[in-house]
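Source file: start.cif; contents: mmCIF, C-alpha atoms and all ligand atoms.
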data_entry
#
loop_
_atom_site.label_atom_id
_atom_site.label_comp_id
_atom_site.auth_asym_id
_atom_site.auth_seq_id
_atom_site.Cartn_x
_atom_site.Cartn_y
_atom_site.Cartn_z
CA MET A 1 -85.71 -103.64 197.38
CA LEU A 2 -86.96 -100.85 199.59
CA ASP A 3 -87.24 -103.37 202.41
CA ASP A 4 -83.59 -104.33 201.97
CA ILE A 5 -82.62 -100.66 202.08
CA GLN A 6 -84.69 -100.20 205.20
CA ALA A 7 -83.01 -103.25 206.81
CA LEU A 8 -79.58 -101.85 205.97
CA LYS A 9 -80.53 -98.47 207.45
CA GLN A 10 -81.63 -100.27 210.62
CA LYS A 11 -78.30 -102.08 210.81
CA VAL A 12 -76.41 -98.84 210.49
CA GLN A 13 -78.51 -97.27 213.22
CA ASP A 14 -78.08 -100.23 215.57
CA TYR A 15 -74.31 -100.32 215.28
CA THR A 16 -72.46 -99.23 218.41
CA ILE A 17 -68.98 -97.79 217.98
CA SER A 18 -67.07 -97.47 221.22
CA ASN A 19 -63.44 -97.81 220.17
CA GLU A 20 -61.02 -97.58 217.24
CA GLU A 21 -61.40 -101.25 216.31
CA GLU A 22 -65.19 -100.96 216.06
CA LEU A 23 -64.84 -97.78 214.03
CA GLU A 24 -62.64 -99.60 211.53
CA ALA A 25 -64.98 -102.61 211.47
CA PHE A 26 -67.89 -100.25 210.71
CA ARG A 27 -65.97 -98.64 207.87
CA LEU A 28 -65.13 -102.03 206.35
CA GLU A 29 -68.68 -103.36 206.67
CA PHE A 30 -70.51 -100.35 205.26
CA LEU A 31 -68.31 -97.73 203.65
CA SER A 32 -65.42 -99.56 201.96
CA ARG A 33 -65.40 -100.45 198.28
CA ASN A 34 -66.62 -103.97 199.07
CA GLY A 35 -68.94 -102.73 201.77
CA LYS A 36 -72.71 -103.04 202.04
CA VAL A 37 -73.51 -99.50 200.87
CA GLN A 38 -71.60 -99.99 197.65
CA ALA A 39 -73.24 -103.41 197.22
CA MET A 40 -76.64 -101.72 197.59
CA PHE A 41 -75.88 -99.16 194.86
CA SER A 42 -74.74 -101.91 192.51
CA ARG A 43 -78.27 -103.36 192.65
CA MET A 44 -79.71 -100.17 191.06
CA SER A 45 -79.86 -101.99 187.73
CA GLU A 46 -82.52 -104.33 189.17
CA VAL A 47 -84.78 -101.36 189.90
CA PRO A 48 -87.49 -100.57 187.32
CA ASN A 49 -87.11 -97.09 185.82
CA GLU A 50 -90.17 -95.58 187.44
CA LYS A 51 -88.89 -96.57 190.90
CA LYS A 52 -85.34 -95.45 190.34
CA ALA A 53 -85.84 -91.94 191.74
CA GLU A 54 -87.49 -93.15 194.94
CA VAL A 55 -85.01 -96.02 195.50
CA GLY A 56 -82.07 -93.70 194.69
CA ARG A 57 -83.25 -91.23 197.34
CA ALA A 58 -83.58 -94.03 199.92
CA MET A 59 -80.14 -95.37 199.02
CA ASN A 60 -78.53 -91.93 199.32
CA GLU A 61 -80.18 -91.48 202.66
CA VAL A 62 -78.59 -94.73 203.97
CA LYS A 63 -75.24 -93.82 202.48
CA ASN A 64 -75.28 -90.37 204.12
CA LEU A 65 -76.41 -91.90 207.39
CA ALA A 66 -73.51 -94.40 207.31
CA GLN A 67 -71.01 -91.67 206.47
CA SER A 68 -72.22 -89.28 209.18
CA THR A 69 -72.33 -92.14 211.74
CA PHE A 70 -68.70 -92.83 210.90
CA ASP A 71 -67.65 -89.15 211.02
CA ASP A 72 -69.45 -88.51 214.31
CA ALA A 73 -67.99 -91.63 215.94
CA GLU A 74 -64.49 -90.70 214.78
CA LYS A 75 -64.77 -87.23 216.33
CA ARG A 76 -66.28 -88.57 219.52
CA LEU A 77 -63.46 -91.11 219.99
CA ALA A 78 -60.82 -88.43 219.44
CA ARG A 79 -62.50 -86.20 222.03
CA GLU A 80 -62.71 -89.05 224.53
CA GLU A 81 -59.04 -89.87 224.10
CA ALA A 82 -58.01 -86.25 224.65
CA ALA A 83 -60.12 -86.06 227.80
CA SER A 84 -58.59 -89.23 229.21
CA LEU A 85 -55.03 -87.81 228.97
CA LYS A 86 -53.67 -87.07 232.43
CA ALA A 87 -52.12 -83.68 233.13
CA SER A 88 -48.69 -85.33 233.13
CA ASP A 89 -49.30 -86.59 229.60
CA ASP A 90 -49.82 -83.08 228.31
CA ILE A 91 -46.92 -82.76 225.95
CA THR A 92 -47.27 -78.98 225.83
CA LEU A 93 -46.35 -78.65 229.53
CA PRO A 94 -42.71 -77.79 230.34
CA ALA A 95 -40.63 -80.84 231.27
CA PRO A 96 -40.30 -81.53 235.01
CA PRO A 97 -36.95 -80.38 236.46
CA HIS A 98 -34.22 -82.95 235.95
CA SER A 99 -32.02 -82.90 239.01
CA LEU A 100 -28.40 -83.75 238.35
CA GLY A 101 -26.12 -85.10 241.05
CA SER A 102 -22.95 -83.31 242.05
CA TYR A 103 -19.59 -84.17 243.52
CA HIS A 104 -19.34 -84.69 247.27
CA PRO A 105 -17.83 -81.61 248.99
CA LEU A 106 -14.80 -83.68 250.05
CA THR A 107 -14.22 -84.76 246.47
CA GLN A 108 -14.54 -81.14 245.34
CA THR A 109 -11.97 -80.01 247.93
CA LEU A 110 -9.64 -82.85 247.00
CA GLU A 111 -9.90 -81.92 243.32
CA GLU A 112 -9.02 -78.30 244.10
CA MET A 113 -6.03 -79.46 246.13
CA LYS A 114 -4.83 -81.76 243.36
CA ASN A 115 -5.13 -78.93 240.83
CA ILE A 116 -3.04 -76.62 243.00
CA PHE A 117 -0.27 -79.20 243.46
CA TYR A 118 -0.39 -80.07 239.80
CA ARG A 119 0.33 -76.39 239.09
CA LEU A 120 3.19 -76.52 241.61
CA GLY A 121 4.75 -79.45 239.72
CA PHE A 122 3.66 -82.48 241.78
CA SER A 123 2.59 -85.80 240.25
CA ILE A 124 0.07 -88.14 241.92
CA ALA A 125 0.72 -91.54 243.51
CA ASP A 126 -1.25 -93.90 245.72
CA GLY A 127 -0.90 -96.97 247.91
CA PRO A 128 -2.96 -99.59 249.76
CA GLU A 129 -5.31 -98.83 252.67
CA ILE A 130 -4.35 -102.08 254.40
CA GLU A 131 -0.70 -101.71 255.38
CA ASP A 132 1.89 -103.70 257.23
CA ASP A 133 3.62 -102.48 260.36
CA PHE A 134 6.86 -101.83 258.45
CA HIS A 135 5.36 -99.27 256.02
CA ASN A 136 2.93 -97.66 258.46
CA PHE A 137 5.39 -97.38 261.39
CA THR A 138 8.85 -98.96 261.36
CA ALA A 139 10.20 -97.47 258.13
CA LEU A 140 8.87 -94.09 259.29
CA ASN A 141 11.17 -94.23 262.30
CA PHE A 142 8.48 -94.93 264.90
CA PRO A 143 10.23 -96.38 267.97
CA PRO A 144 8.93 -99.86 268.90
CA ASN A 145 6.83 -98.62 271.83
CA HIS A 146 5.49 -95.45 270.26
CA PRO A 147 1.94 -94.73 271.50
CA ALA A 148 0.59 -94.42 267.94
CA ARG A 149 1.04 -98.18 267.55
CA ASP A 150 -1.26 -98.55 270.48
CA GLU A 151 -4.61 -100.15 269.79
CA GLN A 152 -6.33 -96.93 270.83
CA ASP A 153 -5.37 -95.31 267.56
CA THR A 154 -4.82 -98.18 265.21
CA PHE A 155 -7.31 -100.61 263.71
CA PHE A 156 -5.50 -103.92 263.53
CA ILE A 157 -6.47 -106.34 260.77
CA GLU A 158 -4.04 -109.02 261.95
CA LYS A 159 -1.81 -109.18 265.00
CA ASN A 160 1.03 -111.60 264.33
CA ASP A 161 3.88 -112.85 266.49
CA ASP A 162 5.95 -114.32 263.67
CA LYS A 163 5.38 -111.75 260.93
CA GLU A 164 4.30 -108.14 260.44
CA ASP A 165 1.01 -106.92 261.90
CA LEU A 166 -1.52 -105.75 259.32
CA VAL A 167 -3.32 -102.47 260.01
CA LEU A 168 -5.70 -100.05 258.37
CA ARG A 169 -3.23 -97.30 257.57
CA THR A 170 -3.39 -94.54 260.18
CA HIS A 171 -1.92 -91.96 257.79
CA THR A 172 -0.84 -91.65 254.14
CA SER A 173 2.86 -91.46 255.08
CA PRO A 174 3.45 -95.19 254.26
CA VAL A 175 2.93 -94.28 250.59
CA GLN A 176 6.12 -92.19 250.85
CA ILE A 177 7.98 -95.36 251.77
CA ARG A 178 6.48 -97.30 248.86
CA LEU A 179 7.31 -94.49 246.46
CA MET A 180 10.94 -94.21 247.59
CA LYS A 181 11.38 -97.99 247.30
CA GLU A 182 10.07 -97.87 243.71
CA GLN A 183 11.56 -94.68 242.40
CA GLU A 184 14.96 -93.00 242.39
CA PRO A 185 15.08 -89.32 243.37
CA PRO A 186 14.17 -86.75 242.23
CA ILE A 187 10.66 -87.43 243.54
CA ARG A 188 7.93 -84.81 243.68
CA SER A 189 4.52 -86.38 244.32
CA ILE A 190 1.34 -86.03 246.28
CA MET A 191 -0.46 -89.10 247.63
CA PRO A 192 -4.12 -88.54 248.45
CA GLY A 193 -6.17 -91.18 250.22
CA ARG A 194 -8.27 -92.50 253.07
CA VAL A 195 -6.90 -93.16 256.54
CA TYR A 196 -8.41 -94.77 259.63
CA ARG A 197 -8.09 -94.17 263.35
CA ASN A 198 -9.80 -95.86 266.22
CA GLU A 199 -11.15 -92.64 267.74
CA ALA A 200 -14.48 -91.73 269.29
CA VAL A 201 -16.77 -89.97 266.81
CA SER A 202 -17.27 -86.30 267.67
CA PRO A 203 -17.73 -82.99 265.80
CA LYS A 204 -13.93 -82.88 265.51
CA SER A 205 -12.98 -86.45 264.76
CA TYR A 206 -14.19 -89.44 262.80
CA PHE A 207 -12.71 -92.93 262.52
CA LEU A 208 -12.19 -92.38 258.80
CA PHE A 209 -10.78 -89.31 257.09
CA HIS A 210 -8.63 -88.23 254.15
CA GLN A 211 -5.10 -86.92 253.83
CA VAL A 212 -2.97 -85.57 251.05
CA GLU A 213 0.60 -86.68 251.63
CA ALA A 214 3.46 -85.05 249.76
CA LEU A 215 7.09 -85.93 249.25
CA TYR A 216 9.80 -83.93 247.54
CA VAL A 217 13.26 -85.50 247.43
CA ASP A 218 16.21 -84.08 245.53
CA THR A 219 19.68 -82.73 246.13
CA ASP A 220 19.63 -79.52 248.21
CA VAL A 221 15.94 -79.39 249.17
CA SER A 222 15.62 -76.83 251.98
CA VAL A 223 13.26 -75.82 254.79
CA ALA A 224 12.83 -72.49 252.99
CA GLU A 225 11.37 -74.34 249.98
CA LEU A 226 9.05 -76.29 252.27
CA LYS A 227 7.76 -73.08 253.85
CA GLU A 228 7.38 -71.40 250.49
CA THR A 229 5.41 -74.34 249.10
CA LEU A 230 3.07 -74.48 252.11
CA ILE A 231 2.43 -70.74 252.03
CA SER A 232 1.77 -70.84 248.28
CA PHE A 233 -0.71 -73.63 248.84
CA ALA A 234 -2.53 -71.73 251.62
CA LYS A 235 -2.87 -68.65 249.42
CA LEU A 236 -4.06 -70.60 246.38
CA MET A 237 -6.53 -72.60 248.46
CA PHE A 238 -7.95 -69.92 250.76
CA GLY A 239 -7.11 -66.66 248.97
CA LYS A 240 -4.10 -64.37 249.22
CA ASP A 241 -5.33 -62.74 252.45
CA VAL A 242 -5.43 -66.05 254.34
CA LYS A 243 -4.23 -65.84 257.95
CA TYR A 244 -1.77 -68.68 258.64
CA ARG A 245 1.00 -69.61 261.03
CA LEU A 246 3.78 -72.20 261.03
CA ARG A 247 4.69 -73.78 264.37
CA PRO A 248 7.40 -76.27 265.33
CA GLY A 249 6.04 -79.79 265.78
CA TYR A 250 7.24 -83.31 266.29
CA PHE A 251 6.97 -86.39 264.06
CA PRO A 252 9.30 -89.41 264.17
CA PHE A 253 9.84 -89.23 260.39
CA THR A 254 10.80 -85.56 260.04
CA GLU A 255 13.46 -83.33 261.56
CA PRO A 256 12.81 -80.46 261.97
CA SER A 257 8.99 -80.70 261.91
CA LEU A 258 6.43 -77.95 261.30
CA GLU A 259 2.69 -77.68 261.66
CA MET A 260 0.52 -75.20 259.80
CA ASP A 261 -2.57 -73.57 261.25
CA ILE A 262 -5.19 -71.52 259.42
CA TRP A 263 -7.28 -68.86 261.17
CA TRP A 264 -10.90 -69.93 261.38
CA GLU A 265 -13.37 -67.05 261.46
CA THR A 266 -16.60 -67.95 263.23
CA PRO A 267 -19.16 -65.59 261.72
CA ASN A 268 -22.10 -67.30 263.45
CA SER A 269 -20.81 -67.17 267.00
CA ASN A 270 -19.57 -64.63 269.52
CA GLU A 271 -16.07 -66.07 269.53
CA ASP A 272 -13.43 -64.20 267.55
CA GLY A 273 -12.21 -67.31 265.79
CA LYS A 274 -9.51 -69.89 266.38
CA TRP A 275 -6.48 -71.56 264.84
CA LEU A 276 -7.16 -74.83 263.05
CA GLU A 277 -4.30 -77.19 262.30
CA ILE A 278 -4.38 -78.39 258.69
CA LEU A 279 -1.13 -80.27 258.28
CA GLY A 280 2.05 -81.74 259.70
CA SER A 281 5.28 -81.45 257.74
CA GLY A 282 9.04 -81.39 257.95
CA MET A 283 12.37 -82.36 256.48
CA VAL A 284 12.61 -86.11 255.87
CA ASP A 285 14.52 -87.74 258.74
CA PRO A 286 17.81 -89.41 257.63
CA ASN A 287 16.61 -92.65 259.28
CA VAL A 288 13.67 -92.76 256.86
CA PHE A 289 16.02 -92.42 253.87
CA LYS A 290 18.17 -95.20 255.29
CA SER A 291 15.18 -97.54 255.69
CA VAL A 292 14.53 -97.34 251.93
CA GLY A 293 18.16 -97.29 250.79
CA ILE A 294 18.44 -93.61 249.82
CA ASP A 295 21.73 -91.91 250.73
CA PRO A 296 20.96 -89.14 253.28
CA GLU A 297 24.35 -87.56 252.57
CA LYS A 298 23.37 -87.01 248.96
CA TYR A 299 19.65 -86.25 249.18
CA THR A 300 17.38 -84.14 251.32
CA GLY A 301 13.63 -83.81 251.14
CA PHE A 302 10.48 -82.45 252.65
CA ALA A 303 7.12 -84.07 253.29
CA TRP A 304 3.72 -83.24 254.64
CA GLY A 305 0.38 -84.79 255.46
CA MET A 306 -2.68 -82.53 255.10
CA GLY A 307 -6.17 -83.20 256.41
CA VAL A 308 -8.71 -82.91 253.59
CA GLU A 309 -11.71 -82.70 255.97
CA ARG A 310 -10.05 -79.85 257.90
CA ILE A 311 -9.50 -77.94 254.67
CA ALA A 312 -13.08 -78.57 253.53
CA LEU A 313 -14.40 -77.34 256.91
CA LEU A 314 -12.44 -74.12 256.51
CA ARG A 315 -13.42 -73.74 252.87
CA HIS A 316 -17.14 -73.97 253.61
CA GLN A 317 -17.31 -72.67 257.20
CA ILE A 318 -18.64 -75.96 258.56
CA ASP A 319 -18.01 -76.83 262.19
CA ASP A 320 -18.86 -80.52 262.36
CA ILE A 321 -16.85 -83.16 260.49
CA ARG A 322 -19.64 -85.75 260.74
CA VAL A 323 -21.79 -84.01 258.12
CA PHE A 324 -19.38 -85.27 255.46
CA TYR A 325 -20.34 -88.85 256.30
CA ASP A 326 -24.06 -88.60 257.09
CA ASN A 327 -25.06 -88.58 253.42
CA ASP A 328 -27.90 -86.19 254.12
CA VAL A 329 -29.07 -84.94 250.74
CA ARG A 330 -30.13 -81.59 252.22
CA PHE A 331 -26.50 -80.97 253.15
CA LEU A 332 -24.99 -82.38 249.98
CA GLU A 333 -27.35 -80.40 247.72
CA GLN A 334 -25.68 -77.17 248.82
CA PHE A 335 -22.51 -78.07 246.93
CA HIS A 336 -23.74 -77.92 243.34
N1 LIG B 401 1.43 -88.54 259.08
C1 LIG B 401 1.21 -87.41 259.96
C2 LIG B 401 -0.14 -87.55 260.65
O1 LIG B 401 -0.96 -88.27 260.16
C3 LIG B 401 1.23 -86.12 259.21
C4 LIG B 401 2.57 -85.81 258.66
C5 LIG B 401 3.46 -85.06 259.37
C6 LIG B 401 2.93 -86.29 257.41
C7 LIG B 401 4.71 -84.75 258.87
C8 LIG B 401 4.19 -85.97 256.89
C9 LIG B 401 5.06 -85.20 257.64
O2 LIG B 401 4.59 -86.38 255.70
O3 LIG B 401 6.27 -84.90 257.13
O4 LIG B 401 -0.37 -86.95 261.64
#
Rewrite the coordinates I just gave you, this time as structure tokens.
Ligand code: DAH
Amino acid sequence: MLDDIQALKQKVQDYTISNEEELEAFRLEFLSRNGKVQAMFSRMSEVPNEKKAEVGRAMNEVKNLAQSTFDDAEKRLAREEAASLKASDDITLPAPPHSLGSYHPLTQTLEEMKNIFYRLGFSIADGPEIEDDFHNFTALNFPPNHPARDEQDTFFIEKNDDKEDLVLRTHTSPVQIRLMKEQEPPIRSIMPGRVYRNEAVSPKSYFLFHQVEALYVDTDVSVAELKETLISFAKLMFGKDVKYRLRPGYFPFTEPSLEMDIWWETPNSNEDGKWLEILGSGMVDPNVFKSVGIDPEKYTGFAWGMGVERIALLRHQIDDIRVFYDNDVRFLEQFH
């Protein structure tokens, strides 16, 4: 019997526990209810009385050894696991910063513009970026040989002899035509969108940019209302102290025509500043009304086309339009 106990003690001592599975296997083999230690105690009845004390001591020694082997291994494994955790696994550390994206500065400017016109009572409409010659030029009273139809400015998608040319719209004004064909006056809408021009890329121009077109048609719309609306916009967009001027201009689709400039302060240079044109506008030309079947004797209207990039440049004191299209995160991050 004592030999069996000794053999069991040896087994316990020889056991190596290097992971959780082996720890559990050890527990099942020696310490569980059906384990070898329990089996050993159940053989006590075989032991003659005079030996019971000695055998009992030996048995308790094996039992304690098995239990302490288990306890020590359990602690050691827990310590090893803690030590193997990487710093990043330390759940008590603060979470790493979670960087959220933000709207592109052009989108932010466009949203501000839309909000202002919404407050001034304008609804929003849009139209296609691929236009036909009729909507982009003819209906807007461009004479057949007007230089804007020239390939220098216009990206042609299709040049056709027998039907309309297709172009990437060079301005948002064709949406006015679509709106007037669809809807009876009164009309009071803005039409934001992308436009394309075949121009050399420079700090001042890009082949793609954005405009916000507007059209207001009703009985008795006046130049005074146009001026008032433009001035209200400038003050809401740039603050009530904004320095602006309205100049006469020329567009085939408006008569008379006006352009609006905003004073650009140049804090980082020696120059005083300069005027920056932000929009063209005017009273809708009677020929435009005729091309869409609206009676110019009954209705008058005003319209404008604003440059979103120009307004964003002024808003943020940026002097190069190309930064809006470079997608440089270091630039974009500044507009959170
Ligand atoms: N379409 C013109 C441009 O792109 C801007 C413009 C001028 C739009 C006068 C208008 C307007 O609606 O009335 O240069």
*asked:* Please find the residues contacting ligand LIG 401 (chain B) at a distance of at most 9 Å between atoms, with all atoms listed in the file counted, and report them as a ChimeraX atom specification.
replied: /A:170-174,176,195,211-215,249-255,257-259,279-285,302-307
*Would you mind reading off the distance between CA of Arg169 in chain A and CA of Glu131 in chain A, one decimal, in Å?*
5.5 Å
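Taking CA of Glu309 in chain A and CA of Ile130 in chain A as the two end points, the separation is 20.8 Å.
Proximity of A:Leu8, A:Leu85, A:Leu246, A:Leu31 to Glu228 in chain A, computed with only C-alpha atoms, is greatest for A:Leu246.
Reported to one decimal place, the separation of CA of Asp4 in chain A from CA of Lys51 in chain A is 14.5 Å.
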_12 Å contact set for Ala7 in chain A, only C-alpha atoms, chain neighbours under 5 positions out, as a ChimeraX atom specification_ = /A:1-2,12-14,36-37,40,58-59,62
Would you mind exporting the chosen residues as a CSV table (one decimal), in the coordinates of the input, restricted to C-alpha atoms?
chain,number,residue,atom,x,y,z
A,1,MET,CA,-85.7,-103.6,197.4
A,2,LEU,CA,-87.0,-100.8,199.6
A,12,VAL,CA,-76.4,-98.8,210.5
A,13,GLN,CA,-78.5,-97.3,213.2
A,14,ASP,CA,-78.1,-100.2,215.6
A,36,LYS,CA,-72.7,-103.0,202.0
A,37,VAL,CA,-73.5,-99.5,200.9
A,40,MET,CA,-76.6,-101.7,197.6
A,58,ALA,CA,-83.6,-94.0,199.9
A,59,MET,CA,-80.1,-95.4,199.0
A,62,VAL,CA,-78.6,-94.7,204.0
*asked:* When you look at Gln67 in chain A with a cut-off of 12 Å (counting all atoms listed in the file), what residues show up, excluding the ones that are within fewer than 3 positions of it in the same chain? I need them as a ChimeraX atom specification.
replied: /A:9,12-13,23,26-32,37,60-64,70-74
What are the closest atom pairs, with distances in Å to one decimal, for all residues of range 215-283 of chain A lying within 10 Å of range 106-128 of chain A? Consider only C-alpha atoms, order rows by chain and residue number, and present the result as CSV.
residue,atom,partner,partner_atom,distance
A:Leu215,CA,A:Phe122,CA,8.9
A:Tyr216,CA,A:Phe122,CA,8.5
A:Thr229,CA,A:Leu120,CA,8.1
A:Ser232,CA,A:Leu120,CA,8.9
A:Phe233,CA,A:Ile116,CA,7.0
A:Ala234,CA,A:Ile116,CA,9.9
A:Leu236,CA,A:Ile116,CA,7.0
A:Met237,CA,A:Met113,CA,7.3
